[in-house]
Amino acid sequence: MPSVICAGLATRDSIWRVPSHPDPDGRVVATELLVAGGGPAATAAVTLSRLGVDVGFVGAVGDDDAGRYVLHGLAAEGVDVSMLTVVPGGRTPQSAILVDPDGHRAIIHHPGHVPSPKRELEPEWLHVDHAGWDMSRGQSPGHISLDGGNPIEGLDLQGVALYAPTEARLREDFGDAQGAIDAGAELVVVTRGAEGSVATTRTGETVEVAGVPCQGFVSTLGAGDVFHGALLAYLVRGASLHDALRAANTAASLSCRALDGRSAIPTLHELQRELERSPT
């Protein structure tokens with residue numbers, strides 16, 4: 001079994017670059033259209049693989065065209081897909097995404113119809129998103145990492161080693177980082193977009209690292225998922241919390257060079273080169 005398993009949502013995304021988001025009953029003409037893989041846990045898995053970490057993905061897709069696209073896309077990135085369930089007659093989750101010149105997104109998501117698989121998982125790290133949260137319950141991996149960007153009903157952080165929400169989601173669910181620590185998390189890492197990230201440990205240590213400006217910015221689609229994958233990749237290798245945050249901020253920034261959330265994810269060599277350019 002790979003040392004890291006990502007579990008949750010994998011989608012096929014259709015992404016349009018538009019001059020503006022349409023008004024009600026309005027019409028706009030897209031200047032670019034592309035199709036790419038998406039989903040928080042799946043994109044984190046691709047990031048881990050590009051950064052040289054042995055990673056597998058657990059989730060489900062249908063046996064439709066979208067499902068084949070998702071499966072082949074993950075496999076082509078070196079992600080172990082032996083635990084990806086293909087549901088006969090299932091409908092694979094898909095999203096339609098409009099991105100304006102400022103990088104603002106409008107997302108239409110169709111969850112499809114693919115029941116979550118039930119598997120016994122015992123990797124060193126299990127990284128889950130909102131769709132994979134139920135798969136983490138009752139498991140006994142070394143560490144559970146939770147992408148907390150989307151709402152999770154009845155969220156209980158007992159047993160969660162790494163909780164990584166957005167600022168808005170943290171305020172909504174726990175108030176602040178200490179609230180999440182009190183709810184059971186060992187480490188809370190809050191993403192703050194262009195402003196970077198801040199980590200709070202159970203021992204009271206706070207580590208804050210500024211954001212990294214993106215040269216050639218196009219879109220933030222998937223940047224948070226890339227952040228989570230890169231953060232975990234560096235923590236798995238034993239990096240300090242500061243260095244892991246800096247690497248994750250930089251990887252997320254580099255991913256914003258593309259319209260989709262996958263094609264600009266850096267390789268380990270590219271990320272290390274970028275980090276060496278700004279060693280602080």
# chains A, B, ... in the order shown; residues from 1 in each chain; ligands from 1
call {"tool": "select_by_dssp", "arguments": {"residues": "segment 206-251 of chain A", "states": "strand (DSSP E)", "output": "PDB file with N, CA and C atoms, in the first residue's frame"}}
result
ATOM      1  N   THR A 206       2.690  28.801  16.887  1.00  0.00           N
ATOM      2  CA  THR A 206       2.067  29.364  15.690  1.00  0.00           C
ATOM      3  C   THR A 206       3.152  29.669  14.667  1.00  0.00           C
ATOM      4  N   VAL A 207       2.948  29.198  13.450  1.00  0.00           N
ATOM      5  CA  VAL A 207       3.886  29.426  12.356  1.00  0.00           C
ATOM      6  C   VAL A 207       3.116  30.068  11.213  1.00  0.00           C
ATOM      7  N   GLU A 208       3.538  31.241  10.811  1.00  0.00           N
ATOM      8  CA  GLU A 208       2.864  31.970   9.735  1.00  0.00           C
ATOM      9  C   GLU A 208       3.848  32.212   8.599  1.00  0.00           C
ATOM     10  N   VAL A 209       3.416  31.909   7.366  1.00  0.00           N
ATOM     11  CA  VAL A 209       4.273  32.092   6.195  1.00  0.00           C
ATOM     12  C   VAL A 209       3.492  32.872   5.140  1.00  0.00           C
TER      13      VAL A 209
END
call {"tool": "residues_around", "arguments": {"residues": "segment 186-191 of chain A", "least_positions_apart": "3", "cutoff": "7 Å", "atoms": "only C-alpha atoms", "output": "number ranges by chain"}}
result
A: 160-167, 177, 181, 196-202
call {"tool": "write_last_selection", "arguments": {"atoms": "N, CA and C atoms", "output": "mmCIF file, in the first residue's frame"}}
result
data_model
loop_
_atom_site.group_PDB
_atom_site.id
_atom_site.type_symbol
_atom_site.label_atom_id
_atom_site.label_comp_id
_atom_site.auth_asym_id
_atom_site.auth_seq_id
_atom_site.Cartn_x
_atom_site.Cartn_y
_atom_site.Cartn_z
ATOM 1 N N VAL A 160 -7.894 13.464 14.242
ATOM 2 C CA VAL A 160 -7.388 14.144 13.044
ATOM 3 C C VAL A 160 -6.023 14.762 13.359
ATOM 4 N N ALA A 161 -5.003 14.331 12.627
ATOM 5 C CA ALA A 161 -3.652 14.843 12.864
ATOM 6 C C ALA A 161 -3.450 16.199 12.217
ATOM 7 N N LEU A 162 -4.034 16.403 11.042
ATOM 8 C CA LEU A 162 -3.868 17.653 10.300
ATOM 9 C C LEU A 162 -5.224 18.102 9.771
ATOM 10 N N TYR A 163 -5.692 19.249 10.241
ATOM 11 C CA TYR A 163 -6.946 19.839 9.790
ATOM 12 C C TYR A 163 -6.604 21.108 9.026
ATOM 13 N N ALA A 164 -7.001 21.168 7.743
ATOM 14 C CA ALA A 164 -6.597 22.282 6.884
ATOM 15 C C ALA A 164 -7.822 22.933 6.236
ATOM 16 N N PRO A 165 -8.439 23.892 6.937
ATOM 17 C CA PRO A 165 -9.599 24.598 6.402
ATOM 18 C C PRO A 165 -9.211 25.936 5.783
ATOM 19 N N THR A 166 -10.150 26.542 5.071
ATOM 20 C CA THR A 166 -10.016 27.945 4.711
ATOM 21 C C THR A 166 -10.348 28.787 5.950
ATOM 22 N N GLU A 167 -9.983 30.064 5.905
ATOM 23 C CA GLU A 167 -10.315 30.941 7.026
ATOM 24 C C GLU A 167 -11.816 31.003 7.250
ATOM 25 N N ALA A 177 -8.524 28.780 15.339
ATOM 26 C CA ALA A 177 -7.669 27.601 15.354
ATOM 27 C C ALA A 177 -7.707 26.900 16.710
ATOM 28 N N ILE A 181 -8.429 23.008 17.675
ATOM 29 C CA ILE A 181 -7.547 22.217 18.541
ATOM 30 C C ILE A 181 -8.347 21.618 19.694
ATOM 31 N N GLY A 196 -1.174 33.736 2.110
ATOM 32 C CA GLY A 196 -0.356 32.642 2.614
ATOM 33 C C GLY A 196 -1.109 31.697 3.534
ATOM 34 N N SER A 197 -0.427 31.245 4.575
ATOM 35 C CA SER A 197 -1.013 30.241 5.460
ATOM 36 C C SER A 197 -0.452 30.403 6.868
ATOM 37 N N VAL A 198 -1.190 29.860 7.828
ATOM 38 C CA VAL A 198 -0.747 29.917 9.219
ATOM 39 C C VAL A 198 -1.098 28.603 9.898
ATOM 40 N N ALA A 199 -0.164 28.092 10.672
ATOM 41 C CA ALA A 199 -0.347 26.817 11.357
ATOM 42 C C ALA A 199 -0.356 27.033 12.869
ATOM 43 N N THR A 200 -1.193 26.251 13.549
ATOM 44 C CA THR A 200 -1.259 26.272 15.007
ATOM 45 C C THR A 200 -1.166 24.840 15.507
ATOM 46 N N THR A 201 -0.252 24.585 16.439
ATOM 47 C CA THR A 201 -0.067 23.239 16.961
ATOM 48 C C THR A 201 -0.774 23.084 18.309
ATOM 49 N N ARG A 202 -0.909 21.843 18.726
ATOM 50 C CA ARG A 202 -1.549 21.578 20.018
ATOM 51 C C ARG A 202 -0.735 22.132 21.174
#
call {"tool": "residues_around", "arguments": {"residues": "Asp80 of chain A", "least_positions_apart": "5", "cutoff": "10 Å", "atoms": "only C-alpha atoms", "output": "PyMOL selection string"}}
result
chain A and resi 1-2+5+45+49+54-58+71+74-75
call {"tool": "write_last_selection", "arguments": {"atoms": "N, CA, C and O atoms", "output": "compact mmCIF listing (two decimals), in the first residue's frame"}}
result
# COMPACT_ATOMS: atom_id res chain seq x y z
N MET A 1 0.85 -1.20 0.00
CA MET A 1 0.00 0.00 0.00
C MET A 1 0.88 1.24 0.00
O MET A 1 1.87 1.31 0.72
N PRO A 2 0.53 2.25 -0.82
CA PRO A 2 1.31 3.49 -0.82
C PRO A 2 1.36 4.12 0.56
O PRO A 2 0.47 3.91 1.39
N ILE A 5 -2.52 7.74 1.12
CA ILE A 5 -3.75 7.48 0.37
C ILE A 5 -4.60 8.74 0.42
O ILE A 5 -4.82 9.31 1.49
N ALA A 45 -3.76 14.23 -4.69
CA ALA A 45 -3.01 13.01 -5.03
C ALA A 45 -2.06 13.26 -6.20
O ALA A 45 -0.92 12.80 -6.19
N SER A 49 2.06 12.99 -6.16
CA SER A 49 2.79 12.16 -7.12
C SER A 49 3.83 12.99 -7.86
O SER A 49 4.97 12.55 -8.03
N ASP A 54 4.91 8.37 -3.08
CA ASP A 54 4.14 7.19 -3.46
C ASP A 54 2.72 7.35 -2.94
O ASP A 54 2.50 7.38 -1.72
N VAL A 55 1.73 7.49 -3.82
CA VAL A 55 0.38 7.85 -3.41
C VAL A 55 -0.66 7.05 -4.19
O VAL A 55 -0.47 6.72 -5.36
N GLY A 56 -1.75 6.71 -3.51
CA GLY A 56 -2.88 6.05 -4.14
C GLY A 56 -4.14 6.85 -3.92
O GLY A 56 -4.19 7.73 -3.05
N PHE A 57 -5.15 6.55 -4.71
CA PHE A 57 -6.43 7.25 -4.59
C PHE A 57 -7.55 6.25 -4.36
O PHE A 57 -7.64 5.23 -5.05
N VAL A 58 -8.40 6.57 -3.40
CA VAL A 58 -9.60 5.78 -3.12
C VAL A 58 -10.81 6.65 -3.38
O VAL A 58 -10.92 7.77 -2.86
N LEU A 71 -10.06 8.11 -14.42
CA LEU A 71 -9.18 6.99 -14.09
C LEU A 71 -7.87 7.09 -14.87
O LEU A 71 -6.78 6.99 -14.30
N LEU A 74 -5.58 10.04 -13.68
CA LEU A 74 -4.85 9.78 -12.43
C LEU A 74 -3.72 8.78 -12.66
O LEU A 74 -2.60 8.96 -12.17
N ALA A 75 -4.01 7.73 -13.41
CA ALA A 75 -2.98 6.72 -13.68
C ALA A 75 -1.82 7.32 -14.45
O ALA A 75 -0.65 7.00 -14.18
call {"tool": "residues_around", "arguments": {"residues": "Arg91 of chain A", "least_positions_apart": "5", "cutoff": "8 Å", "atoms": "only C-alpha atoms", "output": "PyMOL selection string"}}
result
chain A and resi 61-64+67+112-114
call {"tool": "closest_residue", "arguments": {"among": "A:His104, A:Arg137, A:His110, A:His228", "to": "Gly149 of chain A", "atoms": "only C-alpha atoms"}}
result
A:His228
call {"tool": "select_by_dssp", "arguments": {"residues": "segment 19-256 of chain A", "states": "helix (DSSP H, G or I)", "output": "VMD selection string"}}
result
chain A and resid 40 to 50 65 to 76 133 to 136 167 to 173 177 to 182 193 to 195 223 to 236 241 to 255
call {"tool": "residues_around", "arguments": {"residues": "Asp243 of chain A", "least_positions_apart": "3", "cutoff": "12 Å", "atoms": "only C-alpha atoms", "output": "list in words"}}
result
Ser197, Ala199, Val207, Glu208, Val209, Ala210, Ala230, Leu231, Leu232, Ala233, Tyr234, Leu235, Arg237, Gly238, Ala239, Ser240, Arg246, Ala247, Ala248, Asn249, Thr250, Gln272, Leu275, Glu276, Pro279 and Thr280 of chain A
call {"tool": "closest_residue", "arguments": {"among": "A:His109, A:Pro19, A:Val236, A:Ala60", "to": "His143 of chain A", "atoms": "only C-alpha atoms"}}
result
A:Val236
call {"tool": "closest_residue", "arguments": {"among": "A:Glu124, A:Asp176, A:Glu32, A:Asp65", "to": "Ser3 of chain A", "atoms": "only C-alpha atoms"}}
result
A:Glu124
call {"tool": "atom_distance", "arguments": {"atom1": "atom CA of Gln215 of chain A", "atom2": "atom CA of Leu254 of chain A"}}
result
7.8 Å
call {"tool": "decode", "arguments": {"residues": "segment 20-34 of chain A", "atoms": "all heavy atoms", "output": "compact mmCIF listing (two decimals), in the first residue's frame"}}
result
# COMPACT_ATOMS: atom_id res chain seq x y z
N SER A 20 -16.53 37.84 -18.66
CA SER A 20 -17.26 38.17 -17.43
C SER A 20 -18.26 37.06 -17.20
O SER A 20 -18.60 36.30 -18.12
CB SER A 20 -17.98 39.52 -17.56
OG SER A 20 -18.95 39.45 -18.59
N HIS A 21 -18.73 36.95 -15.97
CA HIS A 21 -19.78 35.98 -15.69
C HIS A 21 -21.10 36.49 -16.25
O HIS A 21 -21.39 37.70 -16.15
CB HIS A 21 -19.90 35.73 -14.19
CG HIS A 21 -18.68 35.09 -13.61
ND1 HIS A 21 -18.14 33.93 -14.10
CD2 HIS A 21 -17.87 35.46 -12.58
CE1 HIS A 21 -17.08 33.60 -13.40
NE2 HIS A 21 -16.88 34.52 -12.47
N PRO A 22 -21.89 35.64 -16.85
CA PRO A 22 -23.13 36.11 -17.48
C PRO A 22 -24.15 36.61 -16.46
O PRO A 22 -24.23 36.10 -15.34
CB PRO A 22 -23.65 34.86 -18.20
CG PRO A 22 -23.04 33.71 -17.47
CD PRO A 22 -21.70 34.19 -17.00
N ASP A 23 -24.90 37.63 -16.87
CA ASP A 23 -26.03 38.10 -16.07
C ASP A 23 -27.17 37.09 -16.19
O ASP A 23 -27.16 36.23 -17.08
CB ASP A 23 -26.50 39.47 -16.58
CG ASP A 23 -25.45 40.55 -16.39
OD1 ASP A 23 -24.72 40.48 -15.39
OD2 ASP A 23 -25.36 41.44 -17.26
N PRO A 24 -28.17 37.16 -15.29
CA PRO A 24 -29.34 36.30 -15.44
C PRO A 24 -29.94 36.44 -16.84
O PRO A 24 -30.13 37.56 -17.33
CB PRO A 24 -30.30 36.81 -14.36
CG PRO A 24 -29.39 37.40 -13.32
CD PRO A 24 -28.24 38.01 -14.08
N ASP A 25 -30.20 35.33 -17.48
CA ASP A 25 -30.71 35.28 -18.85
C ASP A 25 -29.71 35.86 -19.86
O ASP A 25 -30.08 36.14 -21.00
CB ASP A 25 -32.04 36.03 -18.98
CG ASP A 25 -33.14 35.41 -18.15
OD1 ASP A 25 -33.17 34.17 -18.07
OD2 ASP A 25 -33.94 36.16 -17.56
N GLY A 26 -28.46 36.06 -19.44
CA GLY A 26 -27.46 36.65 -20.32
C GLY A 26 -26.67 35.60 -21.07
O GLY A 26 -26.87 34.38 -20.92
N ARG A 27 -25.72 36.07 -21.87
CA ARG A 27 -24.89 35.21 -22.70
C ARG A 27 -23.51 35.82 -22.82
O ARG A 27 -23.37 37.03 -22.99
CB ARG A 27 -25.51 35.07 -24.10
CG ARG A 27 -24.70 34.24 -25.10
CD ARG A 27 -25.43 34.18 -26.44
NE ARG A 27 -24.74 33.36 -27.40
CZ ARG A 27 -23.82 33.79 -28.27
NH1 ARG A 27 -23.48 35.09 -28.25
NH2 ARG A 27 -23.24 32.97 -29.12
N VAL A 28 -22.49 34.98 -22.67
CA VAL A 28 -21.13 35.43 -22.91
C VAL A 28 -20.46 34.41 -23.85
O VAL A 28 -20.89 33.26 -23.95
CB VAL A 28 -20.31 35.55 -21.61
CG1 VAL A 28 -20.89 36.63 -20.70
CG2 VAL A 28 -20.24 34.22 -20.87
N VAL A 29 -19.41 34.86 -24.51
CA VAL A 29 -18.66 33.99 -25.42
C VAL A 29 -17.33 33.65 -24.78
O VAL A 29 -16.54 34.55 -24.45
CB VAL A 29 -18.45 34.67 -26.78
CG1 VAL A 29 -17.60 33.77 -27.68
CG2 VAL A 29 -19.79 34.97 -27.44
N ALA A 30 -17.07 32.38 -24.57
CA ALA A 30 -15.82 31.95 -23.96
C ALA A 30 -14.67 32.12 -24.92
O ALA A 30 -14.80 31.93 -26.14
CB ALA A 30 -15.93 30.49 -23.54
N THR A 31 -13.51 32.49 -24.38
CA THR A 31 -12.31 32.64 -25.20
C THR A 31 -11.42 31.40 -25.13
O THR A 31 -10.47 31.28 -25.91
CB THR A 31 -11.50 33.86 -24.73
OG1 THR A 31 -11.16 33.70 -23.34
CG2 THR A 31 -12.32 35.14 -24.90
N GLU A 32 -11.71 30.50 -24.21
CA GLU A 32 -10.93 29.27 -24.08
C GLU A 32 -11.78 28.22 -23.40
O GLU A 32 -12.59 28.53 -22.52
CB GLU A 32 -9.65 29.53 -23.28
CG GLU A 32 -8.71 28.35 -23.22
CD GLU A 32 -7.42 28.65 -22.46
OE1 GLU A 32 -7.22 29.82 -22.10
OE2 GLU A 32 -6.64 27.71 -22.22
N LEU A 33 -11.61 26.97 -23.80
CA LEU A 33 -12.30 25.85 -23.18
C LEU A 33 -11.32 24.70 -23.06
O LEU A 33 -10.60 24.38 -24.01
CB LEU A 33 -13.50 25.42 -24.04
CG LEU A 33 -14.13 24.05 -23.72
CD1 LEU A 33 -14.71 24.02 -22.32
CD2 LEU A 33 -15.19 23.70 -24.77
N LEU A 34 -11.28 24.11 -21.88
CA LEU A 34 -10.48 22.89 -21.73
C LEU A 34 -11.15 21.95 -20.74
O LEU A 34 -12.02 22.35 -19.96
CB LEU A 34 -9.05 23.22 -21.31
CG LEU A 34 -8.78 23.96 -19.99
CD1 LEU A 34 -8.80 23.01 -18.80
CD2 LEU A 34 -7.43 24.66 -20.06
